[in-house]
>>> print(open('data.cif').read())   # mmCIF, C-alpha atoms
data_final
#
loop_
_atom_site.label_atom_id
_atom_site.label_comp_id
_atom_site.auth_asym_id
_atom_site.auth_seq_id
_atom_site.Cartn_x
_atom_site.Cartn_y
_atom_site.Cartn_z
CA PRO A 1 0.00 0.00 0.00
CA GLN A 2 2.80 2.46 0.78
CA LEU A 3 4.30 1.98 -2.68
CA THR A 4 0.92 2.58 -4.30
CA LYS A 5 0.40 5.80 -2.35
CA ALA A 6 3.65 7.18 -3.75
CA CYS A 7 2.46 6.70 -7.35
CA ARG A 8 0.66 9.30 -9.40
CA LYS A 9 -3.08 8.82 -9.76
CA SER A 10 -2.61 8.52 -13.51
CA TRP A 11 -0.63 5.30 -13.06
CA PRO A 12 -2.53 2.04 -13.62
CA ASP A 13 -4.48 0.84 -10.62
CA SER A 14 -2.58 -1.50 -8.34
CA GLY A 15 -5.35 -4.08 -8.46
CA ASP A 16 -7.28 -5.69 -5.63
CA GLY A 17 -4.20 -6.45 -3.53
CA HIS A 18 -4.79 -10.21 -3.77
CA LEU A 19 -4.64 -11.23 -7.43
CA THR A 20 -2.63 -8.23 -8.58
CA THR A 21 -0.43 -5.63 -6.92
CA LEU A 22 1.56 -2.72 -8.27
CA LEU A 23 4.38 -5.04 -9.34
CA THR A 24 3.01 -8.61 -9.32
CA GLU A 25 0.11 -10.70 -10.55
CA TYR A 26 -1.23 -14.08 -9.50
CA ASN A 27 -1.00 -16.98 -11.93
CA PRO A 28 -3.89 -19.41 -11.20
CA LYS A 29 -2.23 -22.22 -13.18
CA THR A 30 0.97 -22.22 -11.15
CA GLN A 31 -0.61 -20.72 -8.02
CA GLN A 32 2.37 -18.36 -7.83
CA TYR A 33 2.92 -14.62 -7.99
CA THR A 34 5.05 -13.39 -10.90
CA PRO A 35 6.16 -9.93 -12.12
CA ARG A 36 3.17 -8.10 -13.55
CA ARG A 37 3.15 -7.40 -17.29
CA GLY A 38 3.26 -3.69 -17.90
CA ARG A 39 4.58 -3.11 -14.38
CA ALA A 40 6.73 -0.22 -13.26
CA ALA A 41 10.48 -0.71 -13.00
CA LEU A 42 11.77 -0.97 -9.43
CA ILE A 43 14.94 0.84 -8.33
CA THR A 44 16.23 0.51 -4.78
CA SER A 45 18.86 2.49 -2.94
CA SER A 46 19.99 2.08 0.65
CA THR A 47 21.44 5.06 2.49
CA SER A 48 22.45 6.09 5.99
CA TRP A 49 21.15 9.62 5.25
CA THR A 50 24.42 11.28 6.24
CA PRO A 51 26.62 13.92 4.52
CA ASP A 52 28.93 11.07 3.45
CA GLU A 53 26.40 10.20 0.75
CA ASP A 54 25.09 13.02 -1.39
CA PHE A 55 21.50 11.90 -1.87
CA GLY A 56 20.89 15.00 -3.97
CA ILE A 57 22.75 13.24 -6.79
CA LEU A 58 19.99 10.64 -7.01
CA LEU A 59 17.18 13.20 -6.77
CA ASN A 60 18.68 15.27 -9.58
CA ALA A 61 19.13 12.12 -11.66
CA LEU A 62 15.47 11.17 -11.17
CA LEU A 63 14.33 14.63 -12.25
CA LEU A 64 16.37 14.28 -15.42
CA LEU A 65 15.22 10.68 -15.92
CA ASP A 66 11.60 11.83 -15.78
CA LYS A 67 12.36 14.45 -18.44
CA LEU A 68 14.20 11.90 -20.62
CA ILE A 69 11.27 9.49 -20.47
CA MET A 70 8.98 12.28 -21.67
CA GLU A 71 11.37 13.11 -24.52
CA HIS A 72 11.67 9.47 -25.61
CA ARG A 73 7.95 8.76 -25.61
CA ASP A 74 6.59 7.12 -28.74
CA GLU A 75 3.45 9.02 -29.70
CA HIS A 76 2.21 5.90 -31.50
CA ASP A 77 2.69 3.69 -28.44
CA ALA A 78 0.59 4.27 -25.32
CA ARG A 79 3.06 2.39 -23.13
CA ASP A 80 5.43 4.54 -21.10
CA LEU A 81 8.27 3.62 -18.81
CA ARG A 82 7.27 4.09 -15.18
CA VAL A 83 9.84 3.90 -12.42
CA MET A 84 9.27 3.25 -8.72
CA VAL A 85 12.24 4.25 -6.54
CA VAL A 86 12.35 2.90 -2.98
CA VAL A 87 14.98 4.25 -0.60
CA THR A 88 15.67 2.28 2.57
CA GLY A 89 17.58 3.17 5.71
CA LYS A 90 17.56 5.57 8.65
CA GLY A 91 19.71 8.59 9.39
CA PRO A 92 19.89 12.25 10.44
CA GLU A 93 19.10 13.76 7.02
CA LYS A 94 16.14 11.51 6.19
CA ALA A 95 13.42 13.97 7.23
CA GLN A 96 15.15 16.78 5.31
CA TYR A 97 15.21 14.78 2.10
CA GLU A 98 11.66 13.47 2.56
CA VAL A 99 10.51 17.10 2.42
CA LYS A 100 12.49 17.59 -0.80
CA ILE A 101 11.01 14.40 -2.27
CA SER A 102 7.47 15.56 -1.47
CA LYS A 103 8.05 18.73 -3.49
CA LEU A 104 9.32 17.01 -6.63
CA THR A 105 7.17 17.28 -9.75
CA LEU A 106 7.49 13.91 -11.47
CA HIS A 107 5.23 12.22 -14.02
CA HIS A 108 6.89 8.88 -14.76
CA VAL A 109 8.93 8.44 -11.59
CA ALA A 110 7.69 7.87 -8.03
CA VAL A 111 9.89 8.00 -4.94
CA THR A 112 9.22 6.71 -1.44
CA THR A 113 11.21 5.78 1.66
CA LEU A 114 10.89 2.57 3.67
CA TRP A 115 12.35 1.01 6.77
CA LEU A 116 12.57 -2.77 6.45
CA GLU A 117 13.14 -5.39 9.10
CA PRO A 118 16.26 -7.57 8.55
CA GLY A 119 14.18 -10.52 7.41
CA ASP A 120 12.32 -8.45 4.82
CA TYR A 121 15.38 -6.75 3.35
CA PRO A 122 16.86 -9.58 1.18
CA PRO A 123 13.52 -10.57 -0.42
CA PHE A 124 12.82 -6.94 -1.20
CA LEU A 125 16.23 -6.46 -2.83
CA ALA A 126 15.66 -9.55 -4.96
CA CYS A 127 12.53 -7.89 -6.42
CA ALA A 128 14.48 -4.88 -7.68
CA ASP A 129 15.50 -4.38 -11.29
CA VAL A 130 18.57 -2.35 -10.40
CA GLY A 131 20.16 -0.81 -7.31
CA VAL A 132 21.84 2.57 -6.92
CA SER A 133 24.85 3.12 -4.68
CA LEU A 134 25.86 6.68 -3.77
CA HIS A 135 28.69 5.54 -1.51
CA THR A 136 32.03 7.29 -1.91
CA SER A 137 35.05 6.30 0.17
CA THR A 138 36.99 8.99 2.02
CA SER A 139 39.87 6.55 2.41
CA GLY A 140 39.59 5.15 -1.10
CA LEU A 141 39.89 1.67 0.36
CA ASP A 142 36.48 0.57 1.65
CA LEU A 143 33.77 -0.97 -0.52
CA PRO A 144 30.02 -0.45 0.01
CA MET A 145 28.26 -3.32 1.76
CA LYS A 146 24.98 -2.26 0.12
CA VAL A 147 26.43 -3.31 -3.24
CA LEU A 148 27.38 -6.70 -1.82
CA ASP A 149 23.82 -7.08 -0.51
CA LEU A 150 22.44 -6.42 -3.99
CA PHE A 151 25.00 -8.65 -5.68
CA GLY A 152 24.06 -11.42 -3.27
CA CYS A 153 20.53 -11.19 -4.68
CA GLN A 154 21.95 -11.08 -8.25
CA VAL A 155 20.71 -7.50 -8.71
CA PRO A 156 22.93 -5.28 -10.90
CA VAL A 157 24.03 -1.91 -9.56
CA CYS A 158 24.68 1.62 -10.79
CA ALA A 159 27.42 2.86 -8.49
CA MET A 160 29.07 6.22 -7.87
CA ASP A 161 32.68 6.02 -9.01
CA PHE A 162 35.59 6.23 -6.58
CA ASP A 163 39.04 4.70 -6.12
CA CYS A 164 38.97 0.88 -5.82
CA LEU A 165 35.29 0.54 -6.83
CA SER A 166 36.45 -1.54 -9.80
CA GLU A 167 37.32 -4.32 -7.36
CA LEU A 168 33.57 -4.78 -6.93
CA VAL A 169 31.67 -3.14 -9.79
CA GLN A 170 32.95 -3.50 -13.35
CA ASP A 171 31.31 -1.06 -15.73
CA GLU A 172 29.14 -2.82 -18.34
CA VAL A 173 29.99 -6.22 -16.83
CA ASN A 174 27.94 -6.51 -13.63
CA GLY A 175 26.55 -2.97 -13.54
CA ARG A 176 27.29 0.61 -14.44
CA VAL A 177 29.57 3.25 -12.94
CA PHE A 178 28.60 6.92 -12.96
CA ALA A 179 30.29 10.21 -12.07
CA ASP A 180 27.32 12.58 -11.84
CA SER A 181 23.54 12.87 -11.93
CA ALA A 182 23.31 13.26 -15.70
CA GLN A 183 25.30 10.11 -16.36
CA LEU A 184 23.20 8.15 -13.88
CA ALA A 185 19.94 9.34 -15.45
CA HIS A 186 21.00 8.24 -18.94
CA GLN A 187 22.20 4.88 -17.61
CA LEU A 188 18.89 4.21 -15.87
CA LEU A 189 16.92 5.07 -19.00
CA GLU A 190 19.05 2.75 -21.13
CA LEU A 191 18.81 -0.11 -18.64
CA LEU A 192 15.10 0.14 -17.86
CA GLN A 193 13.54 1.15 -21.21
CA PRO A 194 13.47 -2.46 -22.56
CA LEU A 195 10.98 -3.35 -19.80
CA VAL A 196 8.29 -1.36 -21.64
CA HIS A 197 8.41 -3.72 -24.62
CA GLN A 198 8.56 -6.97 -22.65
CA GLU A 199 5.44 -8.77 -23.84
CA GLN A 200 5.60 -12.20 -22.23
CA GLN A 201 5.12 -12.97 -18.58
CA GLN A 202 8.38 -13.96 -16.94
CA PRO A 203 8.56 -17.65 -15.98
CA LEU A 204 8.97 -18.78 -12.39
CA GLY A 205 12.48 -18.73 -11.03
CA VAL A 206 13.64 -16.00 -13.42
CA PRO A 207 14.80 -12.76 -11.75
CA CYS A 208 12.63 -9.67 -12.21
CA HIS A 209 15.49 -7.92 -13.99
CA SER A 210 15.73 -10.49 -16.78
CA PHE A 211 15.58 -8.06 -19.68
CA GLY A 212 18.04 -6.07 -21.76
CA LYS A 213 21.53 -5.47 -20.41
CA LEU A 214 20.36 -6.08 -16.84
CA GLN A 215 19.88 -9.75 -17.68
CA ALA A 216 23.50 -10.06 -18.83
CA TYR A 217 24.79 -8.21 -15.78
CA SER A 218 22.74 -10.44 -13.47
CA GLN A 219 24.10 -13.57 -15.13
CA GLN A 220 27.62 -12.35 -14.37
CA LEU A 221 26.68 -12.12 -10.71
CA GLN A 222 25.54 -15.74 -10.63
CA HIS A 223 29.17 -16.85 -10.87
CA ARG A 224 30.56 -14.67 -8.09
CA GLN A 225 32.31 -16.44 -5.25
CA ARG A 226 30.37 -16.70 -2.01
CA TRP A 227 31.66 -15.07 1.15
CA HIS A 228 33.09 -18.22 2.72
CA THR A 229 34.92 -19.29 -0.45
CA ASN A 230 36.39 -15.83 -0.91
CA TRP A 231 37.46 -15.73 2.73
CA ASP A 232 39.18 -19.14 2.56
CA GLN A 233 41.07 -18.23 -0.62
CA ASN A 234 42.10 -14.64 0.15
CA ALA A 235 41.79 -13.55 3.77
CA LEU A 236 42.48 -16.76 5.69
CA PRO A 237 45.95 -17.44 4.18
CA VAL A 238 47.06 -13.90 5.09
CA LEU A 239 45.83 -14.24 8.67
CA GLU A 240 47.46 -17.65 9.02
CA GLN A 241 50.74 -16.25 7.73
CA VAL A 242 50.63 -13.34 10.18
CA THR A 243 49.73 -15.65 13.05
CA THR A 244 52.54 -18.08 12.19
CA SER A 245 55.08 -15.26 11.85
CA SER A 246 54.16 -13.72 15.19
CA THR A 247 54.33 -17.14 16.89
CA THR A 248 57.71 -18.16 15.46
CA GLY A 249 59.13 -14.66 15.83
#
>>> encode(input="data.cif", output="structure tokens")
Amino acid sequence: PQLTKACRKSWPDSGDGHLTTLLTEYNPKTQQYTPRRGRAALITSSTSWTPDEDFGILLNALLLLDKLIMEHRDEHDARDLRVMVVVTGKGPEKAQYEVKISKLTLHHVAVTTLWLEPGDYPPFLACADVGVSLHTSTSGLDLPMKVLDLFGCQVPVCAMDFDCLSELVQDEVNGRVFADSAQLAHQLLELLQPLVHQEQQQPLGVPCHSFGKLQAYSQQLQHRQRWHTNWDQNALPVLEQVTTSSTTG
């Protein structure tokens, strides 16, 4: 219901809440919910709402994205790209930005904020088409955990560029890398526009973002090493070496 409230009244009705929702529809044959045909694209971004992350970059990108969607409309095709943006997290600047969000004039983009319990967070991420990371590292050495969360759900990411990001996000391999709002807006349009022309209902077990370049990026994420394997191959040998050296020394 909260997602529906954030949408413009001109958007298609979200259904009865049982057979259809804003993003899903019930398939009587399989007795399963699947992504709804003609649904809005779903973008998620997690933030701590602090000055370390300039959330204004995303807001400016969404304003431009809304304008780009209008400019790329096909007057002979009634279908338009619609984008739902859900921002999760708590922090000191959240209320300030919620006021800014409420004043935005958007036609094809809707923005809302949510706080999710730990058990609800992974399933929600898995429903997203793409994630956005605004994290920049002051040290140039730390990598954003929010990207790892999304990658763990095989969701591609558009990430703000900074030193060492390439260790995690490879541009046009498992996501996109952007430097400013304009670049992010154009990337989101390119990645999400194919959803408008997706005719067939997605089969069970196929990620929501199985269209266009997002499908290829998601497939790259399927082959990433899991945490334990990565730890055993990279971190554990270093710790064992340090421990052995300190013991023998």
>>> atom_distance(input="data.cif", atom1="atom CA of A:Leu62", atom2="atom CA of A:Gln219")
26.5 Å
>>> closest_residue(input="data.cif", among="A:Val109, A:Val155, A:Leu116, A:Ala40", to="A:Gly89", atoms="all atoms listed in the file")
A:Leu116
>>> residues_around(input="data.cif", residues="A:Leu191", least_positions_apart="4", cutoff="12 Å", atoms="all atoms listed in the file", output="MDAnalysis selection string")
chainID A and resid 41:43 65 81 83 129:131 156:158 172 175:176 184:187 195:196 209:217
>>> write_last_selection(input="data.cif", atoms="C-alpha atoms", output="compact mmCIF listing (two decimals), keeping the file's coordinate frame")
# COMPACT_ATOMS: atom_id res chain seq x y z
CA ALA A 41 10.48 -0.71 -13.00
CA LEU A 42 11.77 -0.97 -9.43
CA ILE A 43 14.94 0.84 -8.33
CA LEU A 65 15.22 10.68 -15.92
CA LEU A 81 8.27 3.62 -18.81
CA VAL A 83 9.84 3.90 -12.42
CA ASP A 129 15.50 -4.38 -11.29
CA VAL A 130 18.57 -2.35 -10.40
CA GLY A 131 20.16 -0.81 -7.31
CA PRO A 156 22.93 -5.28 -10.90
CA VAL A 157 24.03 -1.91 -9.56
CA CYS A 158 24.68 1.62 -10.79
CA GLU A 172 29.14 -2.82 -18.34
CA GLY A 175 26.55 -2.97 -13.54
CA ARG A 176 27.29 0.61 -14.44
CA LEU A 184 23.20 8.15 -13.88
CA ALA A 185 19.94 9.34 -15.45
CA HIS A 186 21.00 8.24 -18.94
CA GLN A 187 22.20 4.88 -17.61
CA LEU A 195 10.98 -3.35 -19.80
CA VAL A 196 8.29 -1.36 -21.64
CA HIS A 209 15.49 -7.92 -13.99
CA SER A 210 15.73 -10.49 -16.78
CA PHE A 211 15.58 -8.06 -19.68
CA GLY A 212 18.04 -6.07 -21.76
CA LYS A 213 21.53 -5.47 -20.41
CA LEU A 214 20.36 -6.08 -16.84
CA GLN A 215 19.88 -9.75 -17.68
CA ALA A 216 23.50 -10.06 -18.83
CA TYR A 217 24.79 -8.21 -15.78
>>> atom_distance(input="data.cif", atom1="atom CA of A:Glu53", atom2="atom CA of A:His135")
5.7 Å
>>> residues_near_point(input="data.cif", point="(28.6, 9.1, -0.9)", cutoff="10 Å", atoms="only C-alpha atoms", output="PyMOL selection string")
chain A and resi 47-55+57+133-138+144+159-162
>>> atom_distance(input="data.cif", atom1="atom CA of A:Thr44", atom2="atom CA of A:Val86")
4.9 Å
>>> resolve_selection(input="data.cif", expression="the PyMOL selection byres ((chain A and resi 11) around 12)", output="list in words")
Leu3, Thr4, Lys5, Ala6, Cys7, Arg8, Lys9, Ser10, Pro12, Asp13, Ser14, Gly15, Leu22, Gly38, Arg39, Ala40, Arg79, Asp80, Leu81, Arg82, Val83, Met84, Leu106, His107, His108, Val109 and Ala110 of chain A
>>> residues_near_point(input="data.cif", point="(8.1, -9.0, -6.9)", cutoff="8 Å", atoms="only C-alpha atoms", output="JSON, numbers by chain")
{"A": [23, 24, 33, 34, 35, 124, 126, 127, 128, 208]}
>>> axis_aligned_box(input="data.cif", around="stretch 118-123 of chain A", padding_each_side="6 Å", output="lines of an AutoDock Vina configuration file")
center_x = 14.6
center_y = -8.7
center_z = 4.1
size_x = 16.5
size_y = 15.8
size_z = 21.0
>>> residues_around(input="data.cif", residues="stretch 97-101 of chain A", least_positions_apart="5", cutoff="9 Å", atoms="all atoms listed in the file", output="ChimeraX atom specification")
/A:49,55-56,59,111-113
>>> residues_around(input="data.cif", residues="A:Leu168", least_positions_apart="2", cutoff="10 Å", atoms="all atoms listed in the file", output="PyMOL selection string")
chain A and resi 143-144+147-148+151+159+164-166+170-171+174-175
>>> closest_residue(input="data.cif", among="A:Gly140, A:Leu58, A:Ser46, A:Thr20", to="A:Ala182", atoms="only C-alpha atoms")
A:Leu58
>>> closest_residue(input="data.cif", among="A:Asp232, A:Arg226, A:Tyr26, A:Lys103", to="A:Leu63", atoms="only C-alpha atoms")
A:Lys103
>>> closest_residue(input="data.cif", among="A:Leu141, A:Glu190, A:Thr88, A:Glu117", to="A:Glu167", atoms="all atoms listed in the file")
A:Leu141
>>> decode(input="data.cif", residues="stretch 93-183 of chain A", atoms="C-alpha atoms", output="PDB file, in the first residue's frame")
ATOM      1  CA  GLU A  93      19.102  13.757   7.020  1.00  0.00           C
ATOM      2  CA  LYS A  94      16.144  11.505   6.191  1.00  0.00           C
ATOM      3  CA  ALA A  95      13.424  13.971   7.225  1.00  0.00           C
ATOM      4  CA  GLN A  96      15.148  16.778   5.313  1.00  0.00           C
ATOM      5  CA  TYR A  97      15.209  14.777   2.103  1.00  0.00           C
ATOM      6  CA  GLU A  98      11.662  13.475   2.558  1.00  0.00           C
ATOM      7  CA  VAL A  99      10.512  17.105   2.420  1.00  0.00           C
ATOM      8  CA  LYS A 100      12.489  17.589  -0.804  1.00  0.00           C
ATOM      9  CA  ILE A 101      11.013  14.401  -2.266  1.00  0.00           C
ATOM     10  CA  SER A 102       7.466  15.556  -1.470  1.00  0.00           C
ATOM     11  CA  LYS A 103       8.054  18.732  -3.489  1.00  0.00           C
ATOM     12  CA  LEU A 104       9.317  17.007  -6.633  1.00  0.00           C
ATOM     13  CA  THR A 105       7.175  17.280  -9.753  1.00  0.00           C
ATOM     14  CA  LEU A 106       7.490  13.914 -11.466  1.00  0.00           C
ATOM     15  CA  HIS A 107       5.229  12.216 -14.018  1.00  0.00           C
ATOM     16  CA  HIS A 108       6.890   8.878 -14.762  1.00  0.00           C
ATOM     17  CA  VAL A 109       8.931   8.436 -11.587  1.00  0.00           C
ATOM     18  CA  ALA A 110       7.690   7.873  -8.027  1.00  0.00           C
ATOM     19  CA  VAL A 111       9.891   8.002  -4.940  1.00  0.00           C
ATOM     20  CA  THR A 112       9.222   6.712  -1.442  1.00  0.00           C
ATOM     21  CA  THR A 113      11.206   5.778   1.664  1.00  0.00           C
ATOM     22  CA  LEU A 114      10.889   2.566   3.665  1.00  0.00           C
ATOM     23  CA  TRP A 115      12.345   1.011   6.768  1.00  0.00           C
ATOM     24  CA  LEU A 116      12.570  -2.771   6.446  1.00  0.00           C
ATOM     25  CA  GLU A 117      13.143  -5.389   9.102  1.00  0.00           C
ATOM     26  CA  PRO A 118      16.256  -7.572   8.547  1.00  0.00           C
ATOM     27  CA  GLY A 119      14.181 -10.524   7.413  1.00  0.00           C
ATOM     28  CA  ASP A 120      12.322  -8.452   4.822  1.00  0.00           C
ATOM     29  CA  TYR A 121      15.383  -6.747   3.353  1.00  0.00           C
ATOM     30  CA  PRO A 122      16.855  -9.577   1.175  1.00  0.00           C
ATOM     31  CA  PRO A 123      13.518 -10.574  -0.424  1.00  0.00           C
ATOM     32  CA  PHE A 124      12.825  -6.937  -1.204  1.00  0.00           C
ATOM     33  CA  LEU A 125      16.227  -6.459  -2.832  1.00  0.00           C
ATOM     34  CA  ALA A 126      15.659  -9.550  -4.960  1.00  0.00           C
ATOM     35  CA  CYS A 127      12.532  -7.893  -6.421  1.00  0.00           C
ATOM     36  CA  ALA A 128      14.480  -4.885  -7.684  1.00  0.00           C
ATOM     37  CA  ASP A 129      15.499  -4.381 -11.294  1.00  0.00           C
ATOM     38  CA  VAL A 130      18.575  -2.349 -10.400  1.00  0.00           C
ATOM     39  CA  GLY A 131      20.157  -0.815  -7.308  1.00  0.00           C
ATOM     40  CA  VAL A 132      21.839   2.566  -6.923  1.00  0.00           C
ATOM     41  CA  SER A 133      24.852   3.125  -4.678  1.00  0.00           C
ATOM     42  CA  LEU A 134      25.856   6.679  -3.768  1.00  0.00           C
ATOM     43  CA  HIS A 135      28.692   5.540  -1.506  1.00  0.00           C
ATOM     44  CA  THR A 136      32.027   7.286  -1.905  1.00  0.00           C
ATOM     45  CA  SER A 137      35.047   6.303   0.165  1.00  0.00           C
ATOM     46  CA  THR A 138      36.992   8.990   2.016  1.00  0.00           C
ATOM     47  CA  SER A 139      39.875   6.550   2.406  1.00  0.00           C
ATOM     48  CA  GLY A 140      39.593   5.153  -1.103  1.00  0.00           C
ATOM     49  CA  LEU A 141      39.892   1.674   0.357  1.00  0.00           C
ATOM     50  CA  ASP A 142      36.476   0.572   1.645  1.00  0.00           C
ATOM     51  CA  LEU A 143      33.770  -0.970  -0.519  1.00  0.00           C
ATOM     52  CA  PRO A 144      30.017  -0.449   0.007  1.00  0.00           C
ATOM     53  CA  MET A 145      28.263  -3.321   1.758  1.00  0.00           C
ATOM     54  CA  LYS A 146      24.979  -2.261   0.125  1.00  0.00           C
ATOM     55  CA  VAL A 147      26.430  -3.312  -3.243  1.00  0.00           C
ATOM     56  CA  LEU A 148      27.376  -6.700  -1.823  1.00  0.00           C
ATOM     57  CA  ASP A 149      23.816  -7.081  -0.510  1.00  0.00           C
ATOM     58  CA  LEU A 150      22.435  -6.423  -3.992  1.00  0.00           C
ATOM     59  CA  PHE A 151      24.998  -8.650  -5.681  1.00  0.00           C
ATOM     60  CA  GLY A 152      24.064 -11.417  -3.265  1.00  0.00           C
ATOM     61  CA  CYS A 153      20.530 -11.190  -4.682  1.00  0.00           C
ATOM     62  CA  GLN A 154      21.948 -11.080  -8.246  1.00  0.00           C
ATOM     63  CA  VAL A 155      20.713  -7.504  -8.706  1.00  0.00           C
ATOM     64  CA  PRO A 156      22.932  -5.282 -10.898  1.00  0.00           C
ATOM     65  CA  VAL A 157      24.026  -1.906  -9.562  1.00  0.00           C
ATOM     66  CA  CYS A 158      24.677   1.616 -10.793  1.00  0.00           C
ATOM     67  CA  ALA A 159      27.423   2.858  -8.488  1.00  0.00           C
ATOM     68  CA  MET A 160      29.073   6.223  -7.874  1.00  0.00           C
ATOM     69  CA  ASP A 161      32.679   6.024  -9.012  1.00  0.00           C
ATOM     70  CA  PHE A 162      35.589   6.233  -6.577  1.00  0.00           C
ATOM     71  CA  ASP A 163      39.040   4.697  -6.116  1.00  0.00           C
ATOM     72  CA  CYS A 164      38.974   0.879  -5.823  1.00  0.00           C
ATOM     73  CA  LEU A 165      35.293   0.539  -6.833  1.00  0.00           C
ATOM     74  CA  SER A 166      36.449  -1.544  -9.804  1.00  0.00           C
ATOM     75  CA  GLU A 167      37.324  -4.324  -7.356  1.00  0.00           C
ATOM     76  CA  LEU A 168      33.574  -4.781  -6.929  1.00  0.00           C
ATOM     77  CA  VAL A 169      31.667  -3.141  -9.793  1.00  0.00           C
ATOM     78  CA  GLN A 170      32.954  -3.505 -13.348  1.00  0.00           C
ATOM     79  CA  ASP A 171      31.313  -1.062 -15.732  1.00  0.00           C
ATOM     80  CA  GLU A 172      29.144  -2.821 -18.341  1.00  0.00           C
ATOM     81  CA  VAL A 173      29.994  -6.218 -16.829  1.00  0.00           C
ATOM     82  CA  ASN A 174      27.936  -6.511 -13.629  1.00  0.00           C
ATOM     83  CA  GLY A 175      26.547  -2.969 -13.541  1.00  0.00           C
ATOM     84  CA  ARG A 176      27.294   0.614 -14.442  1.00  0.00           C
ATOM     85  CA  VAL A 177      29.573   3.250 -12.940  1.00  0.00           C
ATOM     86  CA  PHE A 178      28.602   6.921 -12.964  1.00  0.00           C
ATOM     87  CA  ALA A 179      30.295  10.206 -12.071  1.00  0.00           C
ATOM     88  CA  ASP A 180      27.323  12.576 -11.842  1.00  0.00           C
ATOM     89  CA  SER A 181      23.539  12.874 -11.933  1.00  0.00           C
ATOM     90  CA  ALA A 182      23.312  13.260 -15.698  1.00  0.00           C
ATOM     91  CA  GLN A 183      25.299  10.107 -16.365  1.00  0.00           C
TER      92      GLN A 183
END
